[in-house]
Amino acid sequence: MADWVAACAADDIEEEDVIRFDHEGRSFAIYRSEDSDYYATDGFCTHERVHLADGLVMGAVIECPKHNGRFDYTSGKAKKTPACVDLRTYPVKVEAGTVYIQVD
Amino acid sequence: MSASQEKRDYSLTGPEGGKARERGLVAAEWYASPIPRKRMKELMKRKDGPAIRDTILWIVLLAGAGVLAYFSWGTLWAVPAFLVYGILYTSPGDSRWHECGHGTAFKTPWMNEVVYQFASFLVLRPATPWRWSHARHHTDTYVVGRDPEIHQPRPPVWRVIIIQFAHLVGGPKDIKRMFMHAFGVVGKEERDFIPESEFRKSFRESRVYLLIFACVIAACFYTGSILPAMFVVLPSFYGAGLMVIFGMIQHLGLHEDVLDHRLNSRTVYMNPVFRFLYWNMNYHIEHHMFPMVPYHALPALHEEIKADCPRPNRSTWEAFREVIHALLKQRKDRNYTIQRELPPTAQPYQYGPKPIIAEAPGEQPTTS
Ligand code: FES
């Protein structure tokens, strides 16, 4: 059964930005879109082990800081090489100003 | 000869790659100067304006030089005219290839892609293989046995350095690669950094290159003159000199096998003309440390981190002299490396992997 885990406060993340969240040996990237919708993906790029929380959020896209590979963080889809493998995404909910992600 | 003076195998298929992996140098965590996230986001911000302006200016200058070169054909004026045309064809071709390959020059992705494909052809670099080669160069910058873009081994090969000023090493190698890819053959070394899923794209691109070559050759026969090739393909040879100088001063003479771009890359102050041609890649430490910062924000990034970096070279000429001096030293002593002091405000250099900090019970091991 997948658990909902409190990741951060909703306003810990600026609009159109991303932060890192580590939990039980795993690392995630939590995104806040321009419209203040929240999303979560695996933290590390699928190309190499580089954390996406240092990358750049542009609309629905996260650009990896190492080789500028891009993903749609809402779906996890890889959009630009050298990122070729999709990112895993996780369900997110916001309750009472806290962002929760569902991890298995 | 002591063991440390032994020649190393710079190929990607030799033993050095494995040794680098054992030493923790492969796909490692590199040093990055501290910059607050808010400032970093400002620096990473994408714009179309500067790159559109610069691209229009480039094309206008290239066309202008082309018209002068055309009308000077058959006179002595053709020599300087074609030299200018060749430099305007090749140096910006190289820098636009580079910036658009990173996808940072324009904000709009298709603009990066169009200019990337165009510029790749100008400098005769097959677009897809070079995109992957350059990704590896950023992962393992100047790590022997891993980086396919090490300009020169130690000791340097002077014959190669000299003929490369006319692109006579890289050019034929890439044309051969175009032929191989057009016929569906991928070299062993390339397989080390290009994933198989990208092969078909590269095969298609190479077929287009060959088609363009065929058109240029046909135009030469049709007109009974080499003139068409003087405008397309040949400029990447006769106009390569400045591009080669820019390439040589990026890393040569500095460290190999380190995890800090302040140790293996060179920032050089350049005049505005060179900076336009080179699209600010003279800020090379900055570019390697933060590749998501677009070329137009590199001067601001330089200001942000210069207190954490060695003193930049004062001019292209100073940097080039420094490189030649180092290469001459490396003929006798392959370990000769330029040592650059950091200012007192800087963090110490990071030569190798960060030490693993002992983990507390129940915690993940971390690096300092
Ligand atoms: S590590 Fe993310 S694109 Fe290479």
# chains A, B, ... in the order shown; residues from 1 in each chain; ligands from 1

call {"tool": "select_by_dssp", "arguments": {"residues": "stretch 130-238 of chain B", "states": "helix (DSSP H, G or I)", "output": "number ranges by chain"}}
result
B: 130-139, 158-164, 170-182, 190-192, 196-223, 227-231, 235-238

call {"tool": "write_last_selection", "arguments": {"atoms": "C-alpha atoms", "output": "mmCIF file, in the first residue's frame"}}
result
data_model
loop_
_atom_site.group_PDB
_atom_site.id
_atom_site.type_symbol
_atom_site.label_atom_id
_atom_site.label_comp_id
_atom_site.auth_asym_id
_atom_site.auth_seq_id
_atom_site.Cartn_x
_atom_site.Cartn_y
_atom_site.Cartn_z
ATOM 1 C CA TRP B 130 28.568 15.413 -31.727
ATOM 2 C CA ARG B 131 25.652 16.133 -29.439
ATOM 3 C CA TRP B 132 26.481 12.940 -27.566
ATOM 4 C CA SER B 133 30.197 13.451 -27.712
ATOM 5 C CA HIS B 134 29.726 16.864 -26.174
ATOM 6 C CA ALA B 135 27.486 15.503 -23.416
ATOM 7 C CA ARG B 136 30.329 13.136 -22.498
ATOM 8 C CA HIS B 137 32.789 16.040 -22.601
ATOM 9 C CA HIS B 138 30.645 17.738 -19.973
ATOM 10 C CA THR B 139 30.266 14.613 -17.838
ATOM 11 C CA TRP B 158 52.716 18.725 -33.218
ATOM 12 C CA ARG B 159 51.960 17.488 -36.710
ATOM 13 C CA VAL B 160 48.313 17.168 -35.698
ATOM 14 C CA ILE B 161 48.249 20.593 -34.037
ATOM 15 C CA ILE B 162 49.674 22.275 -37.119
ATOM 16 C CA ILE B 163 47.504 20.648 -39.776
ATOM 17 C CA GLN B 164 44.418 21.084 -37.620
ATOM 18 C CA GLY B 170 38.883 16.812 -37.596
ATOM 19 C CA GLY B 171 37.455 17.567 -41.054
ATOM 20 C CA PRO B 172 38.436 14.347 -42.853
ATOM 21 C CA LYS B 173 37.624 12.321 -39.725
ATOM 22 C CA ASP B 174 34.093 13.714 -39.628
ATOM 23 C CA ILE B 175 33.582 13.379 -43.382
ATOM 24 C CA LYS B 176 34.608 9.725 -43.043
ATOM 25 C CA ARG B 177 32.111 9.409 -40.190
ATOM 26 C CA MET B 178 29.392 10.916 -42.411
ATOM 27 C CA PHE B 179 30.083 8.285 -45.074
ATOM 28 C CA MET B 180 30.080 5.499 -42.507
ATOM 29 C CA HIS B 181 26.838 6.661 -40.934
ATOM 30 C CA ALA B 182 25.201 7.191 -44.325
ATOM 31 C CA GLU B 190 31.362 6.160 -30.955
ATOM 32 C CA ARG B 191 29.355 3.309 -29.516
ATOM 33 C CA ASP B 192 30.869 4.256 -26.172
ATOM 34 C CA GLU B 196 21.784 2.858 -30.185
ATOM 35 C CA SER B 197 18.403 4.592 -30.156
ATOM 36 C CA GLU B 198 20.103 7.601 -31.811
ATOM 37 C CA PHE B 199 21.795 5.739 -34.665
ATOM 38 C CA ARG B 200 18.946 6.070 -37.166
ATOM 39 C CA LYS B 201 18.739 9.820 -36.671
ATOM 40 C CA SER B 202 22.453 10.104 -37.331
ATOM 41 C CA PHE B 203 22.201 7.906 -40.451
ATOM 42 C CA ARG B 204 19.491 10.182 -41.863
ATOM 43 C CA GLU B 205 21.490 13.329 -41.139
ATOM 44 C CA SER B 206 24.606 11.894 -42.773
ATOM 45 C CA ARG B 207 22.672 11.067 -45.928
ATOM 46 C CA VAL B 208 21.572 14.694 -46.126
ATOM 47 C CA TYR B 209 25.196 15.837 -45.726
ATOM 48 C CA LEU B 210 26.298 13.587 -48.558
ATOM 49 C CA LEU B 211 23.510 14.930 -50.727
ATOM 50 C CA ILE B 212 24.724 18.475 -50.092
ATOM 51 C CA PHE B 213 28.298 17.425 -50.933
ATOM 52 C CA ALA B 214 27.036 15.892 -54.183
ATOM 53 C CA CYS B 215 25.198 19.125 -55.068
ATOM 54 C CA VAL B 216 28.301 21.227 -54.390
ATOM 55 C CA ILE B 217 30.494 18.930 -56.483
ATOM 56 C CA ALA B 218 27.911 18.968 -59.282
ATOM 57 C CA ALA B 219 27.816 22.795 -59.125
ATOM 58 C CA CYS B 220 31.621 22.873 -59.438
ATOM 59 C CA PHE B 221 31.523 20.650 -62.526
ATOM 60 C CA TYR B 222 28.630 22.573 -64.011
ATOM 61 C CA THR B 223 30.354 25.947 -63.612
ATOM 62 C CA LEU B 227 33.985 28.666 -56.660
ATOM 63 C CA PRO B 228 30.797 26.951 -55.373
ATOM 64 C CA ALA B 229 32.898 24.859 -52.967
ATOM 65 C CA MET B 230 34.686 28.014 -51.818
ATOM 66 C CA PHE B 231 31.330 29.110 -50.407
ATOM 67 C CA PRO B 235 35.371 27.448 -45.746
ATOM 68 C CA SER B 236 35.336 25.018 -42.856
ATOM 69 C CA PHE B 237 38.935 24.197 -43.828
ATOM 70 C CA TYR B 238 40.463 27.482 -45.000
#

call {"tool": "residues_near_ligand", "arguments": {"ligand": "ligand 1", "cutoff": "9 Å", "atoms": "only C-alpha atoms and all ligand atoms", "output": "PyMOL selection string"}}
result
(chain A and resi 44-52+63-70+80-84) or (chain B and resi 27+135-136+138-139)

call {"tool": "residues_around", "arguments": {"residues": "A:Asp104", "least_positions_apart": "2", "cutoff": "9 Å", "atoms": "only C-alpha atoms", "output": "list in words"}}
result
Met1, Ala2, Asp3, Trp4 and Gln102 of chain A

call {"tool": "write_last_selection", "arguments": {"atoms": "C-alpha atoms", "output": "short mmCIF file (atom, residue, chain, number, x, y, z; two decimals), in the first residue's frame"}}
result
data_model
loop_
_atom_site.label_atom_id
_atom_site.label_comp_id
_atom_site.auth_asym_id
_atom_site.auth_seq_id
_atom_site.Cartn_x
_atom_site.Cartn_y
_atom_site.Cartn_z
CA MET A 1 0.00 0.00 0.00
CA ALA A 2 1.48 3.32 -1.07
CA ASP A 3 1.90 5.91 1.70
CA TRP A 4 1.29 9.61 1.57
CA GLN A 102 2.45 9.16 -2.55
#

call {"tool": "residues_around", "arguments": {"residues": "B:Tyr283", "least_positions_apart": "2", "cutoff": "10 Å", "atoms": "only C-alpha atoms", "output": "VMD selection string"}}
result
chain B and resid 250 265 to 270 275 279 to 281 285 to 288 295 298 to 299 301 to 302 312

call {"tool": "write_last_selection", "arguments": {"atoms": "C-alpha atoms", "output": "short mmCIF file (atom, residue, chain, number, x, y, z; two decimals), in the first residue's frame"}}
result
data_model
loop_
_atom_site.label_atom_id
_atom_site.label_comp_id
_atom_site.auth_asym_id
_atom_site.auth_seq_id
_atom_site.Cartn_x
_atom_site.Cartn_y
_atom_site.Cartn_z
CA GLN B 250 39.69 26.15 -23.56
CA SER B 265 39.22 25.08 -17.94
CA ARG B 266 40.31 28.57 -18.83
CA THR B 267 38.38 31.83 -18.71
CA VAL B 268 39.89 34.42 -21.04
CA TYR B 269 38.99 38.08 -21.43
CA MET B 270 38.36 38.74 -25.11
CA ARG B 275 33.14 37.50 -28.02
CA TRP B 279 29.35 33.67 -28.25
CA ASN B 280 31.02 34.30 -24.87
CA MET B 281 32.56 30.83 -24.64
CA ILE B 285 35.03 27.83 -16.46
CA GLU B 286 31.63 29.42 -15.98
CA HIS B 287 30.13 27.50 -18.91
CA HIS B 288 31.40 24.13 -17.69
CA TYR B 295 25.79 32.59 -23.44
CA LEU B 298 27.91 34.36 -18.92
CA PRO B 299 29.49 37.77 -18.24
CA LEU B 301 27.85 34.68 -14.09
CA HIS B 302 31.55 35.51 -14.31
CA PRO B 312 41.33 34.92 -16.05
#

call {"tool": "closest_residue", "arguments": {"among": "A:Asp42, A:Glu34, A:Glu95, A:Glu14", "to": "chain B", "atoms": "only C-alpha atoms"}}
result
A:Glu14

call {"tool": "atom_distance", "arguments": {"atom1": "atom CA of A:Pro91", "atom2": "atom CA of A:Met58"}}
result
20.5 Å

call {"tool": "atom_distance", "arguments": {"atom1": "atom CA of B:Ile245", "atom2": "atom CA of B:Arg96"}}
result
16.4 Å

call {"tool": "atom_distance", "arguments": {"atom1": "atom CA of B:Leu12", "atom2": "atom CA of B:Ile150"}}
result
10.9 Å

call {"tool": "closest_residue", "arguments": {"among": "A:Tyr31, A:Gly59, A:Cys8, A:Tyr73", "to": "A:Ala96", "atoms": "only C-alpha atoms"}}
result
A:Cys8

call {"tool": "residues_around", "arguments": {"residues": "B:Leu122", "least_positions_apart": "3", "cutoff": "9 Å", "atoms": "only C-alpha atoms", "output": "PyMOL selection string"}}
result
chain B and resi 89-90+93-94+97+117-119+125+232-233+235-236

call {"tool": "residues_around", "arguments": {"residues": "B:Gly17", "least_positions_apart": "5", "cutoff": "9 Å", "atoms": "only C-alpha atoms", "output": "PyMOL selection string"}}
result
chain B and resi 10-12+22+26+143-146

call {"tool": "residues_around", "arguments": {"residues": "A:Ile101", "least_positions_apart": "4", "cutoff": "8 Å", "atoms": "only C-alpha atoms", "output": "list of chain:residue names"}}
result
A:Trp4, A:Val5, A:Ala6, A:Ala7, A:Ala40, A:Tyr90, A:Pro91, A:Val92, A:Lys93

call {"tool": "write_last_selection", "arguments": {"atoms": "all heavy atoms", "output": "CSV table (one decimal), in the first residue's frame"}}
result
chain,number,residue,atom,x,y,z
A,4,TRP,N,1.2,8.2,1.8
A,4,TRP,CA,1.3,9.6,1.6
A,4,TRP,C,2.3,10.2,2.6
A,4,TRP,O,2.2,9.9,3.8
A,4,TRP,CB,0.0,10.3,1.8
A,4,TRP,CG,-1.0,10.1,0.6
A,4,TRP,CD1,-2.0,9.2,0.6
A,4,TRP,CD2,-1.0,10.7,-0.6
A,4,TRP,NE1,-2.7,9.2,-0.6
A,4,TRP,CE2,-2.1,10.2,-1.4
A,4,TRP,CE3,-0.2,11.7,-1.2
A,4,TRP,CZ2,-2.4,10.6,-2.7
A,4,TRP,CZ3,-0.5,12.2,-2.5
A,4,TRP,CH2,-1.6,11.6,-3.2
A,5,VAL,N,3.3,10.8,2.0
A,5,VAL,CA,4.4,11.4,2.9
A,5,VAL,C,4.4,12.9,2.8
A,5,VAL,O,4.4,13.4,1.7
A,5,VAL,CB,5.7,10.8,2.4
A,5,VAL,CG1,6.9,11.3,3.3
A,5,VAL,CG2,5.7,9.3,2.5
A,6,ALA,N,4.5,13.6,3.9
A,6,ALA,CA,4.6,15.0,3.9
A,6,ALA,C,6.0,15.4,3.4
A,6,ALA,O,7.0,15.0,3.9
A,6,ALA,CB,4.4,15.6,5.3
A,7,ALA,N,6.0,16.2,2.3
A,7,ALA,CA,7.3,16.5,1.7
A,7,ALA,C,7.8,17.9,2.1
A,7,ALA,O,9.0,18.1,2.3
A,7,ALA,CB,7.2,16.4,0.1
A,40,ALA,N,5.4,15.8,-8.6
A,40,ALA,CA,6.6,15.1,-8.0
A,40,ALA,C,7.1,14.1,-9.0
A,40,ALA,O,6.4,13.4,-9.7
A,40,ALA,CB,6.3,14.4,-6.7
A,90,TYR,N,5.0,10.8,-9.4
A,90,TYR,CA,4.3,10.4,-8.2
A,90,TYR,C,3.1,11.3,-7.9
A,90,TYR,O,3.1,12.5,-8.2
A,90,TYR,CB,5.2,10.5,-6.9
A,90,TYR,CG,6.4,9.6,-7.1
A,90,TYR,CD1,7.6,10.0,-7.7
A,90,TYR,CD2,6.4,8.3,-6.6
A,90,TYR,CE1,8.6,9.2,-7.9
A,90,TYR,CE2,7.5,7.4,-6.8
A,90,TYR,CZ,8.6,7.9,-7.5
A,90,TYR,OH,9.7,7.1,-7.7
A,91,PRO,N,2.0,10.7,-7.4
A,91,PRO,CA,0.8,11.5,-7.1
A,91,PRO,C,1.1,12.5,-6.0
A,91,PRO,O,1.9,12.2,-5.1
A,91,PRO,CB,-0.2,10.5,-6.6
A,91,PRO,CG,0.2,9.2,-7.2
A,91,PRO,CD,1.7,9.2,-7.2
A,92,VAL,N,0.5,13.7,-6.1
A,92,VAL,CA,0.8,14.7,-5.1
A,92,VAL,C,-0.6,15.3,-4.7
A,92,VAL,O,-1.5,15.4,-5.4
A,92,VAL,CB,1.6,15.9,-5.8
A,92,VAL,CG1,1.7,17.1,-4.8
A,92,VAL,CG2,2.9,15.4,-6.2
A,93,LYS,N,-0.7,15.7,-3.4
A,93,LYS,CA,-1.8,16.4,-2.9
A,93,LYS,C,-1.4,17.5,-1.9
A,93,LYS,O,-0.3,17.3,-1.3
A,93,LYS,CB,-2.9,15.5,-2.3
A,93,LYS,CG,-2.4,14.8,-1.0
A,93,LYS,CD,-3.5,13.9,-0.4
A,93,LYS,CE,-3.0,13.3,0.9
A,93,LYS,NZ,-3.9,12.3,1.5

call {"tool": "closest_residue", "arguments": {"among": "B:Ser91, B:Asn112, B:Gln330, B:Thr316", "to": "chain A", "atoms": "only C-alpha atoms"}}
result
B:Asn112

call {"tool": "select_by_dssp", "arguments": {"residues": "stretch 143-368 of chain B", "states": "strand (DSSP E)", "output": "ChimeraX atom specification"}}
result
/B:356-357,366-367

call {"tool": "closest_residue", "arguments": {"among": "B:Val323, B:Ala105, B:Leu124, B:Val258", "to": "chain A", "atoms": "only C-alpha atoms"}}
result
B:Ala105
